[in-house]
Each structure stands twice: as structure tokens, then as C-alpha cells.
$ cat query08.cif   # mmCIF, N, CA and C atoms
data_final
#
loop_
_atom_site.label_atom_id
_atom_site.label_comp_id
_atom_site.auth_asym_id
_atom_site.auth_seq_id
_atom_site.Cartn_x
_atom_site.Cartn_y
_atom_site.Cartn_z
N MET A 23 0.84 -1.16 0.00
CA MET A 23 0.00 0.00 0.00
C MET A 23 0.89 1.24 0.00
N SER A 24 0.30 2.34 -0.46
CA SER A 24 1.08 3.56 -0.57
C SER A 24 0.15 4.77 -0.53
N TYR A 25 0.65 5.88 -0.03
CA TYR A 25 -0.10 7.13 -0.09
C TYR A 25 0.30 7.97 -1.30
N ASP A 26 1.46 7.66 -1.91
CA ASP A 26 1.90 8.46 -3.05
C ASP A 26 1.99 7.67 -4.35
N GLY A 27 1.77 6.36 -4.29
CA GLY A 27 1.85 5.52 -5.49
C GLY A 27 3.27 5.17 -5.89
N GLU A 28 4.25 5.56 -5.07
CA GLU A 28 5.65 5.28 -5.38
C GLU A 28 6.37 4.55 -4.25
N THR A 29 6.09 4.93 -3.01
CA THR A 29 6.72 4.32 -1.84
C THR A 29 5.73 3.32 -1.26
N TRP A 30 6.10 2.04 -1.26
CA TRP A 30 5.17 0.98 -0.86
C TRP A 30 5.54 0.42 0.51
N ARG A 31 4.51 0.15 1.32
CA ARG A 31 4.70 -0.40 2.67
C ARG A 31 3.60 -1.42 2.95
N ASP A 32 3.91 -2.37 3.81
CA ASP A 32 2.90 -3.33 4.27
C ASP A 32 2.08 -2.77 5.42
N ASP A 33 2.60 -1.76 6.09
CA ASP A 33 1.95 -1.22 7.29
C ASP A 33 1.87 0.30 7.23
N LEU A 34 0.93 0.81 6.48
CA LEU A 34 0.78 2.27 6.38
C LEU A 34 0.27 2.83 7.70
N PRO A 35 0.69 4.03 8.05
CA PRO A 35 0.11 4.69 9.22
C PRO A 35 -1.35 5.05 8.92
N ALA A 36 -2.09 5.40 9.93
CA ALA A 36 -3.49 5.76 9.77
C ALA A 36 -3.63 6.85 8.71
N PRO A 37 -4.70 6.82 7.92
CA PRO A 37 -4.83 7.79 6.84
C PRO A 37 -5.08 9.22 7.31
N PHE A 38 -5.60 9.37 8.52
CA PHE A 38 -5.90 10.71 9.03
C PHE A 38 -5.25 10.89 10.40
N ASP A 39 -4.64 12.05 10.60
CA ASP A 39 -4.10 12.38 11.91
C ASP A 39 -5.26 12.63 12.86
N PRO A 40 -5.09 12.34 14.16
CA PRO A 40 -6.15 12.68 15.11
C PRO A 40 -6.44 14.18 15.01
N THR A 41 -7.69 14.50 14.84
CA THR A 41 -8.07 15.90 14.67
C THR A 41 -9.52 16.09 15.10
N PRO A 42 -9.86 17.25 15.63
CA PRO A 42 -11.26 17.50 15.92
C PRO A 42 -12.06 17.50 14.62
N ILE A 43 -13.25 16.98 14.67
CA ILE A 43 -14.13 16.97 13.51
C ILE A 43 -15.48 17.52 13.94
N VAL A 44 -16.03 18.38 13.13
CA VAL A 44 -17.30 19.02 13.45
C VAL A 44 -18.28 18.77 12.31
N PRO A 45 -19.58 18.93 12.57
CA PRO A 45 -20.56 18.73 11.49
C PRO A 45 -20.19 19.55 10.25
N GLY A 46 -20.27 18.89 9.12
CA GLY A 46 -19.92 19.51 7.85
C GLY A 46 -18.54 19.14 7.36
N ASP A 47 -17.73 18.50 8.22
CA ASP A 47 -16.37 18.12 7.83
C ASP A 47 -16.38 16.86 6.99
N ARG A 48 -15.43 16.80 6.06
CA ARG A 48 -15.19 15.60 5.26
C ARG A 48 -13.68 15.48 5.09
N LEU A 49 -13.12 14.41 5.60
CA LEU A 49 -11.70 14.14 5.47
C LEU A 49 -11.53 13.10 4.36
N SER A 50 -10.58 13.30 3.47
CA SER A 50 -10.39 12.32 2.40
C SER A 50 -8.90 12.13 2.13
N ARG A 51 -8.59 10.96 1.64
CA ARG A 51 -7.20 10.61 1.33
C ARG A 51 -7.23 9.51 0.28
N THR A 52 -6.25 9.50 -0.59
CA THR A 52 -6.13 8.45 -1.59
C THR A 52 -5.09 7.44 -1.11
N VAL A 53 -5.43 6.16 -1.23
CA VAL A 53 -4.53 5.07 -0.88
C VAL A 53 -4.35 4.23 -2.14
N PHE A 54 -3.12 3.92 -2.48
CA PHE A 54 -2.83 3.10 -3.64
C PHE A 54 -2.57 1.67 -3.18
N VAL A 55 -3.17 0.72 -3.91
CA VAL A 55 -2.99 -0.70 -3.61
C VAL A 55 -2.55 -1.37 -4.90
N ARG A 56 -1.56 -2.25 -4.80
CA ARG A 56 -1.13 -2.94 -6.02
C ARG A 56 -1.12 -4.44 -5.79
N ASN A 57 -1.38 -5.14 -6.86
CA ASN A 57 -1.30 -6.59 -6.86
C ASN A 57 0.11 -6.94 -7.30
N ALA A 58 0.95 -7.33 -6.35
CA ALA A 58 2.35 -7.62 -6.63
C ALA A 58 2.58 -9.05 -7.10
N SER A 59 1.49 -9.79 -7.33
CA SER A 59 1.65 -11.18 -7.76
C SER A 59 1.50 -11.31 -9.27
N ALA A 60 1.77 -12.50 -9.77
CA ALA A 60 1.62 -12.79 -11.20
C ALA A 60 0.23 -13.33 -11.50
N ASP A 61 -0.63 -13.40 -10.48
CA ASP A 61 -1.98 -13.91 -10.65
C ASP A 61 -3.01 -12.80 -10.40
N SER A 62 -4.19 -12.98 -10.95
CA SER A 62 -5.29 -12.05 -10.66
C SER A 62 -5.65 -12.18 -9.19
N ALA A 63 -6.17 -11.11 -8.64
CA ALA A 63 -6.50 -11.11 -7.21
C ALA A 63 -7.79 -10.32 -6.99
N THR A 64 -8.37 -10.52 -5.83
CA THR A 64 -9.54 -9.76 -5.42
C THR A 64 -9.16 -8.91 -4.22
N LEU A 65 -9.44 -7.64 -4.30
CA LEU A 65 -9.21 -6.71 -3.20
C LEU A 65 -10.54 -6.50 -2.50
N THR A 66 -10.60 -6.88 -1.24
CA THR A 66 -11.81 -6.69 -0.45
C THR A 66 -11.43 -5.94 0.82
N VAL A 67 -12.10 -4.81 1.05
CA VAL A 67 -11.86 -4.03 2.26
C VAL A 67 -13.08 -4.23 3.16
N VAL A 68 -12.82 -4.75 4.37
CA VAL A 68 -13.88 -5.09 5.32
C VAL A 68 -13.60 -4.40 6.64
N GLY A 69 -14.64 -3.85 7.26
CA GLY A 69 -14.50 -3.28 8.60
C GLY A 69 -14.28 -4.40 9.60
N ALA A 70 -13.17 -4.37 10.30
CA ALA A 70 -12.85 -5.43 11.27
C ALA A 70 -12.34 -4.78 12.56
N ASP A 71 -12.63 -5.43 13.66
CA ASP A 71 -12.16 -4.95 14.97
C ASP A 71 -12.54 -3.49 15.22
N VAL A 72 -13.77 -3.14 14.87
CA VAL A 72 -14.25 -1.78 15.10
C VAL A 72 -14.73 -1.69 16.54
N ASP A 73 -14.10 -0.83 17.31
CA ASP A 73 -14.42 -0.70 18.72
C ASP A 73 -14.84 0.74 19.00
N LEU A 74 -16.13 0.96 19.15
CA LEU A 74 -16.66 2.30 19.38
C LEU A 74 -17.17 2.39 20.81
N TYR A 75 -16.96 3.54 21.43
CA TYR A 75 -17.41 3.69 22.81
C TYR A 75 -17.91 5.10 23.03
N SER A 76 -19.02 5.20 23.71
CA SER A 76 -19.55 6.50 24.11
C SER A 76 -20.49 6.30 25.28
N VAL A 77 -20.57 7.29 26.16
CA VAL A 77 -21.53 7.23 27.26
C VAL A 77 -22.82 7.96 26.88
N SER A 78 -22.82 8.60 25.72
CA SER A 78 -23.99 9.34 25.26
C SER A 78 -25.07 8.38 24.76
N ALA A 79 -26.33 8.72 24.99
CA ALA A 79 -27.43 7.91 24.47
C ALA A 79 -27.46 7.95 22.95
N ARG A 80 -26.95 9.01 22.38
CA ARG A 80 -26.88 9.16 20.93
C ARG A 80 -25.47 9.61 20.56
N PRO A 81 -24.54 8.66 20.47
CA PRO A 81 -23.13 9.03 20.25
C PRO A 81 -22.91 9.66 18.88
N PHE A 82 -21.91 10.53 18.80
CA PHE A 82 -21.62 11.25 17.56
C PHE A 82 -21.27 10.31 16.42
N TYR A 83 -20.68 9.17 16.70
CA TYR A 83 -20.27 8.27 15.62
C TYR A 83 -21.45 7.65 14.90
N ASP A 84 -22.66 7.78 15.43
CA ASP A 84 -23.84 7.30 14.71
C ASP A 84 -24.04 8.08 13.41
N GLU A 85 -23.50 9.29 13.35
CA GLU A 85 -23.66 10.10 12.14
C GLU A 85 -22.39 10.20 11.31
N LEU A 86 -21.29 9.65 11.80
CA LEU A 86 -20.06 9.56 11.01
C LEU A 86 -20.20 8.43 10.01
N SER A 87 -19.65 8.61 8.82
CA SER A 87 -19.65 7.51 7.86
C SER A 87 -18.29 7.42 7.18
N LEU A 88 -17.99 6.22 6.71
CA LEU A 88 -16.74 5.94 6.03
C LEU A 88 -17.06 5.36 4.67
N SER A 89 -16.38 5.85 3.65
CA SER A 89 -16.55 5.25 2.32
C SER A 89 -15.16 5.01 1.73
N ILE A 90 -15.05 3.89 1.03
CA ILE A 90 -13.81 3.53 0.36
C ILE A 90 -14.19 2.99 -1.01
N GLY A 91 -13.62 3.55 -2.03
CA GLY A 91 -13.93 3.08 -3.38
C GLY A 91 -12.86 3.50 -4.36
N GLU A 92 -12.87 2.84 -5.51
CA GLU A 92 -11.92 3.20 -6.55
C GLU A 92 -12.16 4.63 -7.00
N SER A 93 -11.09 5.34 -7.26
CA SER A 93 -11.21 6.72 -7.73
C SER A 93 -12.09 6.74 -8.98
N ASP A 94 -12.90 7.76 -9.10
CA ASP A 94 -13.80 7.96 -10.23
C ASP A 94 -14.89 6.90 -10.33
N SER A 95 -15.25 6.27 -9.21
CA SER A 95 -16.38 5.33 -9.22
C SER A 95 -17.22 5.55 -7.96
N GLU A 96 -18.43 5.06 -7.99
CA GLU A 96 -19.35 5.21 -6.85
C GLU A 96 -18.85 4.40 -5.67
N SER A 97 -18.97 4.96 -4.49
CA SER A 97 -18.68 4.21 -3.28
C SER A 97 -19.85 4.41 -2.32
N VAL A 98 -20.04 3.47 -1.44
CA VAL A 98 -21.14 3.52 -0.49
C VAL A 98 -20.61 3.98 0.86
N ALA A 99 -21.27 4.98 1.44
CA ALA A 99 -20.90 5.45 2.77
C ALA A 99 -21.55 4.55 3.80
N VAL A 100 -20.75 4.02 4.70
CA VAL A 100 -21.24 3.11 5.74
C VAL A 100 -21.13 3.82 7.08
N PRO A 101 -22.24 3.90 7.84
CA PRO A 101 -22.17 4.54 9.17
C PRO A 101 -21.21 3.78 10.07
N PHE A 102 -20.50 4.49 10.93
CA PHE A 102 -19.54 3.85 11.83
C PHE A 102 -20.19 2.76 12.67
N SER A 103 -21.43 2.95 13.09
CA SER A 103 -22.09 1.95 13.93
C SER A 103 -22.35 0.65 13.17
N ALA A 104 -22.21 0.65 11.83
CA ALA A 104 -22.43 -0.55 11.03
C ALA A 104 -21.16 -1.04 10.36
N LEU A 105 -19.99 -0.56 10.78
CA LEU A 105 -18.74 -0.91 10.11
C LEU A 105 -18.28 -2.35 10.33
N THR A 106 -18.56 -2.93 11.49
CA THR A 106 -18.07 -4.27 11.76
C THR A 106 -18.59 -5.24 10.71
N ASP A 107 -17.65 -5.88 10.01
CA ASP A 107 -17.92 -6.86 8.96
C ASP A 107 -18.55 -6.27 7.70
N ALA A 108 -18.67 -4.96 7.59
CA ALA A 108 -19.21 -4.35 6.37
C ALA A 108 -18.16 -4.39 5.26
N VAL A 109 -18.57 -4.78 4.06
CA VAL A 109 -17.68 -4.77 2.91
C VAL A 109 -17.70 -3.36 2.34
N LEU A 110 -16.57 -2.68 2.41
CA LEU A 110 -16.46 -1.29 1.96
C LEU A 110 -16.02 -1.18 0.51
N CYS A 111 -15.30 -2.17 0.04
CA CYS A 111 -14.80 -2.16 -1.34
C CYS A 111 -14.53 -3.60 -1.75
N ASP A 112 -14.88 -3.92 -2.97
CA ASP A 112 -14.64 -5.25 -3.52
C ASP A 112 -14.27 -5.07 -4.99
N SER A 113 -13.03 -5.40 -5.35
CA SER A 113 -12.55 -5.09 -6.67
C SER A 113 -11.60 -6.18 -7.17
N ALA A 114 -11.61 -6.43 -8.46
CA ALA A 114 -10.68 -7.38 -9.07
C ALA A 114 -9.44 -6.64 -9.52
N LEU A 115 -8.28 -7.26 -9.29
CA LEU A 115 -7.01 -6.68 -9.71
C LEU A 115 -6.26 -7.66 -10.60
N ASP A 116 -5.84 -7.17 -11.75
CA ASP A 116 -5.01 -7.98 -12.65
C ASP A 116 -3.60 -8.06 -12.09
N PRO A 117 -2.79 -9.00 -12.57
CA PRO A 117 -1.40 -9.06 -12.11
C PRO A 117 -0.69 -7.72 -12.33
N ALA A 118 0.05 -7.28 -11.32
CA ALA A 118 0.84 -6.04 -11.34
C ALA A 118 -0.01 -4.77 -11.46
N GLN A 119 -1.32 -4.88 -11.35
CA GLN A 119 -2.19 -3.70 -11.45
C GLN A 119 -2.16 -2.89 -10.15
N THR A 120 -2.18 -1.58 -10.27
CA THR A 120 -2.28 -0.67 -9.14
C THR A 120 -3.62 0.04 -9.24
N VAL A 121 -4.30 0.16 -8.11
CA VAL A 121 -5.59 0.86 -8.08
C VAL A 121 -5.53 1.93 -7.01
N ALA A 122 -6.14 3.08 -7.31
CA ALA A 122 -6.23 4.18 -6.35
C ALA A 122 -7.59 4.09 -5.67
N LEU A 123 -7.57 4.06 -4.34
CA LEU A 123 -8.80 4.03 -3.56
C LEU A 123 -8.97 5.36 -2.84
N ASP A 124 -10.15 5.93 -2.95
CA ASP A 124 -10.46 7.14 -2.19
C ASP A 124 -11.10 6.74 -0.88
N VAL A 125 -10.53 7.21 0.21
CA VAL A 125 -11.03 6.94 1.56
C VAL A 125 -11.60 8.26 2.08
N ALA A 126 -12.86 8.23 2.52
CA ALA A 126 -13.48 9.47 3.01
C ALA A 126 -14.22 9.23 4.31
N LEU A 127 -14.00 10.14 5.24
CA LEU A 127 -14.70 10.15 6.52
C LEU A 127 -15.59 11.38 6.51
N SER A 128 -16.89 11.19 6.68
CA SER A 128 -17.83 12.31 6.58
C SER A 128 -18.66 12.46 7.84
N PHE A 129 -18.85 13.71 8.23
CA PHE A 129 -19.70 14.08 9.36
C PHE A 129 -20.67 15.11 8.79
N PRO A 130 -21.91 14.72 8.49
CA PRO A 130 -22.82 15.60 7.75
C PRO A 130 -23.08 16.93 8.46
N HIS A 131 -23.31 17.93 7.65
CA HIS A 131 -23.56 19.27 8.16
C HIS A 131 -24.77 19.29 9.10
N ALA A 132 -25.76 18.46 8.84
CA ALA A 132 -26.97 18.43 9.65
C ALA A 132 -26.84 17.55 10.90
N ALA A 133 -25.66 17.07 11.21
CA ALA A 133 -25.45 16.19 12.36
C ALA A 133 -25.89 16.86 13.65
N THR A 134 -26.54 16.08 14.49
CA THR A 134 -27.01 16.60 15.78
C THR A 134 -26.53 15.74 16.93
N SER A 135 -25.85 14.64 16.64
CA SER A 135 -25.38 13.74 17.69
C SER A 135 -24.48 14.46 18.67
N GLY A 136 -24.67 14.11 19.93
CA GLY A 136 -23.79 14.64 20.96
C GLY A 136 -24.15 16.03 21.42
N SER A 137 -25.04 16.69 20.70
CA SER A 137 -25.40 18.04 21.14
C SER A 137 -26.55 17.96 22.14
N THR A 138 -26.48 18.75 23.15
CA THR A 138 -27.50 18.76 24.18
C THR A 138 -27.87 20.21 24.48
N ARG A 139 -29.15 20.49 24.48
CA ARG A 139 -29.57 21.83 24.85
C ARG A 139 -29.47 21.95 26.36
N ARG A 140 -28.91 23.04 26.81
CA ARG A 140 -28.75 23.25 28.25
C ARG A 140 -29.35 24.59 28.61
N ARG A 141 -30.10 24.60 29.65
CA ARG A 141 -30.69 25.83 30.15
C ARG A 141 -29.74 26.40 31.20
N ILE A 142 -29.40 27.63 31.02
CA ILE A 142 -28.48 28.29 31.95
C ILE A 142 -29.26 29.33 32.73
N ALA A 143 -29.22 29.22 34.03
CA ALA A 143 -29.91 30.19 34.88
C ALA A 143 -28.90 31.23 35.33
N LEU A 144 -29.22 32.47 35.07
CA LEU A 144 -28.35 33.56 35.50
C LEU A 144 -28.95 34.18 36.76
N ARG A 145 -28.14 34.38 37.73
CA ARG A 145 -28.60 34.96 38.99
C ARG A 145 -27.96 36.32 39.20
N SER A 146 -28.71 37.20 39.65
CA SER A 146 -28.20 38.54 39.94
C SER A 146 -27.35 38.47 41.20
N PRO A 147 -26.18 39.11 41.21
CA PRO A 147 -25.35 39.10 42.42
C PRO A 147 -26.01 39.87 43.56
N CYS A 148 -27.05 40.61 43.25
CA CYS A 148 -27.73 41.39 44.30
C CYS A 148 -28.89 40.61 44.91
N GLY A 149 -29.15 39.42 44.46
CA GLY A 149 -30.21 38.63 45.06
C GLY A 149 -31.41 38.71 44.27
#

$ encode --input "query08.cif" --output "C-alpha cells"
Amino acid sequence: MSYDGETWRDDLPAPFDPTPIVPGDRLSRTVFVRNASADSATLTVVGADVDLYSVSARPFYDELSLSIGESDSESVAVPFSALTDAVLCDSALDPAQTVALDVALSFPHAATSGSTRRRIALRSPCG
């Protein structure tokens, strides 16, 4: 795998640095995958070992979605709460073929998860 299509590694670092994300944000990155064998292969990207935790009744990750697909083709956005065992990409690769995959993390502008209305009572210092 590679982020630039030239330097290849078996263990790429995470595609996105830890960063605050707010409604309306979309993080994207291209990952290159190549079939280094002399045989045809199938590339399947599956959500595995997804561990989500929140104490909120409606956690923010319910509105986060992840999509992975070949560049210039349709990809399906999968909500984080449904990532475990979800097939995110399924593609055939010819021998020595390289494919560019677009990885996108989206938090929709209309997201309301995690927000709570709070009533603030202001008291006069004079009583």
C-alpha cells in the first residue's frame, strides 16, 4: 500500500491524523494498492475490529460515515455503527495492477449527535 503511489509499505500509518471533527467536515485521502503477484486477485476491504465507545445515548459516531472506493467510481458510505464486517470495497485486480482508492470520513452538516440543549440560569449578584 502507498499514499503516493511510489513508496510501498505493508503497514501504512493511519490515513488521518487525530483531529477534531465538526458537522460539515469531510476528510479524504487516496490510498494506492497494487497486486504484486503474477496472478489475478480480489481486493476486499472489510471493517474489522471496530471498537466504538460513548456514554452518550446518541453518540456522535452514529452520524459519522466511512466510504472507500476506486477513484472515479461510486462508493457507499457506511455509518460507523455498522462498520463491523461491512464490505467497503470489492474489486478485481489484474497481475501487477495498481488501483487508487479514495477513503473518506464524513460528518454531515446536519449532524445533531452529541449536542444537548442546556438551560443556563443567570442569577443577579444582588439577590

$ residues_around --input "query08.cif" --residues "segment 84-95 of chain A" --least-positions-apart "3" --cutoff "6 Å" --atoms "only N, CA and C atoms" --output "number ranges by chain"
A: 81, 98-103, 110-111, 122-130

$ resolve_selection --input "query08.cif" --expression "the PyMOL selection byres (((chain A and resi 37 and name CA) around 10) and name CA)" --output "PyMOL selection string"
chain A and resi 25+34-36+38-40+49-53+125-126

$ atom_distance --input "query08.cif" --atom1 "atom CA of Ala79 of chain A" --atom2 "atom CA of Ala133 of chain A"
14.8 Å

$ select_by_dssp --input "query08.cif" --residues "chain A" --states "strand (DSSP E or B)" --output "JSON, numbers by chain"
{"A": [24, 48, 49, 50, 51, 52, 53, 54, 55, 56, 63, 64, 65, 66, 67, 68, 87, 88, 89, 90, 91, 92, 100, 101, 109, 110, 111, 112, 113, 114, 115, 120, 121, 122, 123, 124, 125, 126, 127, 128]}

$ write_last_selection --input "query08.cif" --atoms "N, CA and C atoms" --output "compact mmCIF listing (two decimals), keeping the file's coordinate frame"
# COMPACT_ATOMS: atom_id res chain seq x y z
N SER A 24 0.30 2.34 -0.46
CA SER A 24 1.08 3.56 -0.57
C SER A 24 0.15 4.77 -0.53
N ARG A 48 -15.43 16.80 6.06
CA ARG A 48 -15.19 15.60 5.26
C ARG A 48 -13.68 15.48 5.09
N LEU A 49 -13.12 14.41 5.60
CA LEU A 49 -11.70 14.14 5.47
C LEU A 49 -11.53 13.10 4.36
N SER A 50 -10.58 13.30 3.47
CA SER A 50 -10.39 12.32 2.40
C SER A 50 -8.90 12.13 2.13
N ARG A 51 -8.59 10.96 1.64
CA ARG A 51 -7.20 10.61 1.33
C ARG A 51 -7.23 9.51 0.28
N THR A 52 -6.25 9.50 -0.59
CA THR A 52 -6.13 8.45 -1.59
C THR A 52 -5.09 7.44 -1.11
N VAL A 53 -5.43 6.16 -1.23
CA VAL A 53 -4.53 5.07 -0.88
C VAL A 53 -4.35 4.23 -2.14
N PHE A 54 -3.12 3.92 -2.48
CA PHE A 54 -2.83 3.10 -3.64
C PHE A 54 -2.57 1.67 -3.18
N VAL A 55 -3.17 0.72 -3.91
CA VAL A 55 -2.99 -0.70 -3.61
C VAL A 55 -2.55 -1.37 -4.90
N ARG A 56 -1.56 -2.25 -4.80
CA ARG A 56 -1.13 -2.94 -6.02
C ARG A 56 -1.12 -4.44 -5.79
N ALA A 63 -6.17 -11.11 -8.64
CA ALA A 63 -6.50 -11.11 -7.21
C ALA A 63 -7.79 -10.32 -6.99
N THR A 64 -8.37 -10.52 -5.83
CA THR A 64 -9.54 -9.76 -5.42
C THR A 64 -9.16 -8.91 -4.22
N LEU A 65 -9.44 -7.64 -4.30
CA LEU A 65 -9.21 -6.71 -3.20
C LEU A 65 -10.54 -6.50 -2.50
N THR A 66 -10.60 -6.88 -1.24
CA THR A 66 -11.81 -6.69 -0.45
C THR A 66 -11.43 -5.94 0.82
N VAL A 67 -12.10 -4.81 1.05
CA VAL A 67 -11.86 -4.03 2.26
C VAL A 67 -13.08 -4.23 3.16
N VAL A 68 -12.82 -4.75 4.37
CA VAL A 68 -13.88 -5.09 5.32
C VAL A 68 -13.60 -4.40 6.64
N SER A 87 -19.65 8.61 8.82
CA SER A 87 -19.65 7.51 7.86
C SER A 87 -18.29 7.42 7.18
N LEU A 88 -17.99 6.22 6.71
CA LEU A 88 -16.74 5.94 6.03
C LEU A 88 -17.06 5.36 4.67
N SER A 89 -16.38 5.85 3.65
CA SER A 89 -16.55 5.25 2.32
C SER A 89 -15.16 5.01 1.73
N ILE A 90 -15.05 3.89 1.03
CA ILE A 90 -13.81 3.53 0.36
C ILE A 90 -14.19 2.99 -1.01
N GLY A 91 -13.62 3.55 -2.03
CA GLY A 91 -13.93 3.08 -3.38
C GLY A 91 -12.86 3.50 -4.36
N GLU A 92 -12.87 2.84 -5.51
CA GLU A 92 -11.92 3.20 -6.55
C GLU A 92 -12.16 4.63 -7.00
N VAL A 100 -20.75 4.02 4.70
CA VAL A 100 -21.24 3.11 5.74
C VAL A 100 -21.13 3.82 7.08
N PRO A 101 -22.24 3.90 7.84
CA PRO A 101 -22.17 4.54 9.17
C PRO A 101 -21.21 3.78 10.07
N VAL A 109 -18.57 -4.78 4.06
CA VAL A 109 -17.68 -4.77 2.91
C VAL A 109 -17.70 -3.36 2.34
N LEU A 110 -16.57 -2.68 2.41
CA LEU A 110 -16.46 -1.29 1.96
C LEU A 110 -16.02 -1.18 0.51
N CYS A 111 -15.30 -2.17 0.04
CA CYS A 111 -14.80 -2.16 -1.34
C CYS A 111 -14.53 -3.60 -1.75
N ASP A 112 -14.88 -3.92 -2.97
CA ASP A 112 -14.64 -5.25 -3.52
C ASP A 112 -14.27 -5.07 -4.99
N SER A 113 -13.03 -5.40 -5.35
CA SER A 113 -12.55 -5.09 -6.67
C SER A 113 -11.60 -6.18 -7.17
N ALA A 114 -11.61 -6.43 -8.46
CA ALA A 114 -10.68 -7.38 -9.07
C ALA A 114 -9.44 -6.64 -9.52
N LEU A 115 -8.28 -7.26 -9.29
CA LEU A 115 -7.01 -6.68 -9.71
C LEU A 115 -6.26 -7.66 -10.60
N THR A 120 -2.18 -1.58 -10.27
CA THR A 120 -2.28 -0.67 -9.14
C THR A 120 -3.62 0.04 -9.24
N VAL A 121 -4.30 0.16 -8.11
CA VAL A 121 -5.59 0.86 -8.08
C VAL A 121 -5.53 1.93 -7.01
N ALA A 122 -6.14 3.08 -7.31
CA ALA A 122 -6.23 4.18 -6.35
C ALA A 122 -7.59 4.09 -5.67
N LEU A 123 -7.57 4.06 -4.34
CA LEU A 123 -8.80 4.03 -3.56
C LEU A 123 -8.97 5.36 -2.84
N ASP A 124 -10.15 5.93 -2.95
CA ASP A 124 -10.46 7.14 -2.19
C ASP A 124 -11.10 6.74 -0.88
N VAL A 125 -10.53 7.21 0.21
CA VAL A 125 -11.03 6.94 1.56
C VAL A 125 -11.60 8.26 2.08
N ALA A 126 -12.86 8.23 2.52
CA ALA A 126 -13.48 9.47 3.01
C ALA A 126 -14.22 9.23 4.31
N LEU A 127 -14.00 10.14 5.24
CA LEU A 127 -14.70 10.15 6.52
C LEU A 127 -15.59 11.38 6.51
N SER A 128 -16.89 11.19 6.68
CA SER A 128 -17.83 12.31 6.58
C SER A 128 -18.66 12.46 7.84

$ residues_around --input "query08.cif" --residues "Asp107 of chain A" --least-positions-apart "3" --cutoff "6 Å" --atoms "only C-alpha atoms" --output "PyMOL selection string"
chain A and resi 68-70

$ residues_around --input "query08.cif" --residues "Thr29 of chain A" --least-positions-apart "3" --cutoff "12 Å" --atoms "only C-alpha atoms" --output "list of chain:residue names"
A:Met23, A:Ser24, A:Tyr25, A:Asp26, A:Asp32, A:Asp33, A:Leu34, A:Val53, A:Phe54, A:Val55, A:Arg56

$ atom_distance --input "query08.cif" --atom1 "atom N of Tyr83 of chain A" --atom2 "atom C of Ser97 of chain A"
19.6 Å

$ atom_distance --input "query08.cif" --atom1 "atom N of Trp30 of chain A" --atom2 "atom C of Val109 of chain A"
24.7 Å

$ select_by_dssp --input "query08.cif" --residues "chain A" --states "helix (DSSP H, G or I)" --output "ChimeraX atom specification"
/A:82-84,102-104

$ resolve_selection --input "query08.cif" --expression "the PyMOL selection byres ((chain A and resi 64) around 6.5)" --output "PDB file with N, CA and C atoms, in the frame of the given file"
ATOM      1  N   SER A  62      -4.190 -12.980 -10.950  1.00  0.00           N
ATOM      2  CA  SER A  62      -5.290 -12.050 -10.660  1.00  0.00           C
ATOM      3  C   SER A  62      -5.650 -12.180  -9.190  1.00  0.00           C
ATOM      4  N   ALA A  63      -6.170 -11.110  -8.640  1.00  0.00           N
ATOM      5  CA  ALA A  63      -6.500 -11.110  -7.210  1.00  0.00           C
ATOM      6  C   ALA A  63      -7.790 -10.320  -6.990  1.00  0.00           C
ATOM      7  N   LEU A  65      -9.440  -7.640  -4.300  1.00  0.00           N
ATOM      8  CA  LEU A  65      -9.210  -6.710  -3.200  1.00  0.00           C
ATOM      9  C   LEU A  65     -10.540  -6.500  -2.500  1.00  0.00           C
ATOM     10  N   THR A  66     -10.600  -6.880  -1.240  1.00  0.00           N
ATOM     11  CA  THR A  66     -11.810  -6.690  -0.450  1.00  0.00           C
ATOM     12  C   THR A  66     -11.430  -5.940   0.820  1.00  0.00           C
ATOM     13  N   ASP A 112     -14.880  -3.920  -2.970  1.00  0.00           N
ATOM     14  CA  ASP A 112     -14.640  -5.250  -3.520  1.00  0.00           C
ATOM     15  C   ASP A 112     -14.270  -5.070  -4.990  1.00  0.00           C
ATOM     16  N   SER A 113     -13.030  -5.400  -5.350  1.00  0.00           N
ATOM     17  CA  SER A 113     -12.550  -5.090  -6.670  1.00  0.00           C
ATOM     18  C   SER A 113     -11.600  -6.180  -7.170  1.00  0.00           C
ATOM     19  N   ALA A 114     -11.610  -6.430  -8.460  1.00  0.00           N
ATOM     20  CA  ALA A 114     -10.680  -7.380  -9.070  1.00  0.00           C
ATOM     21  C   ALA A 114      -9.440  -6.640  -9.520  1.00  0.00           C
ATOM     22  N   LEU A 115      -8.280  -7.260  -9.290  1.00  0.00           N
ATOM     23  CA  LEU A 115      -7.010  -6.680  -9.710  1.00  0.00           C
ATOM     24  C   LEU A 115      -6.260  -7.660 -10.600  1.00  0.00           C
TER      25      LEU A 115
END

$ decode --input "query08.cif" --residues "segment 29-43 of chain A" --atoms "C-alpha atoms" --output "PDB file, in the first residue's frame"
ATOM      1  CA  THR A  29       6.715   4.318  -1.842  1.00  0.00           C
ATOM      2  CA  TRP A  30       5.172   0.979  -0.858  1.00  0.00           C
ATOM      3  CA  ARG A  31       4.698  -0.405   2.671  1.00  0.00           C
ATOM      4  CA  ASP A  32       2.902  -3.334   4.267  1.00  0.00           C
ATOM      5  CA  ASP A  33       1.947  -1.222   7.288  1.00  0.00           C
ATOM      6  CA  LEU A  34       0.778   2.267   6.385  1.00  0.00           C
ATOM      7  CA  PRO A  35       0.110   4.690   9.223  1.00  0.00           C
ATOM      8  CA  ALA A  36      -3.495   5.764   9.772  1.00  0.00           C
ATOM      9  CA  PRO A  37      -4.833   7.790   6.835  1.00  0.00           C
ATOM     10  CA  PHE A  38      -5.900  10.710   9.033  1.00  0.00           C
ATOM     11  CA  ASP A  39      -4.099  12.383  11.910  1.00  0.00           C
ATOM     12  CA  PRO A  40      -6.152  12.684  15.112  1.00  0.00           C
ATOM     13  CA  THR A  41      -8.073  15.900  14.673  1.00  0.00           C
ATOM     14  CA  PRO A  42     -11.262  17.495  15.924  1.00  0.00           C
ATOM     15  CA  ILE A  43     -14.128  16.965  13.506  1.00  0.00           C
TER      16      ILE A  43
END
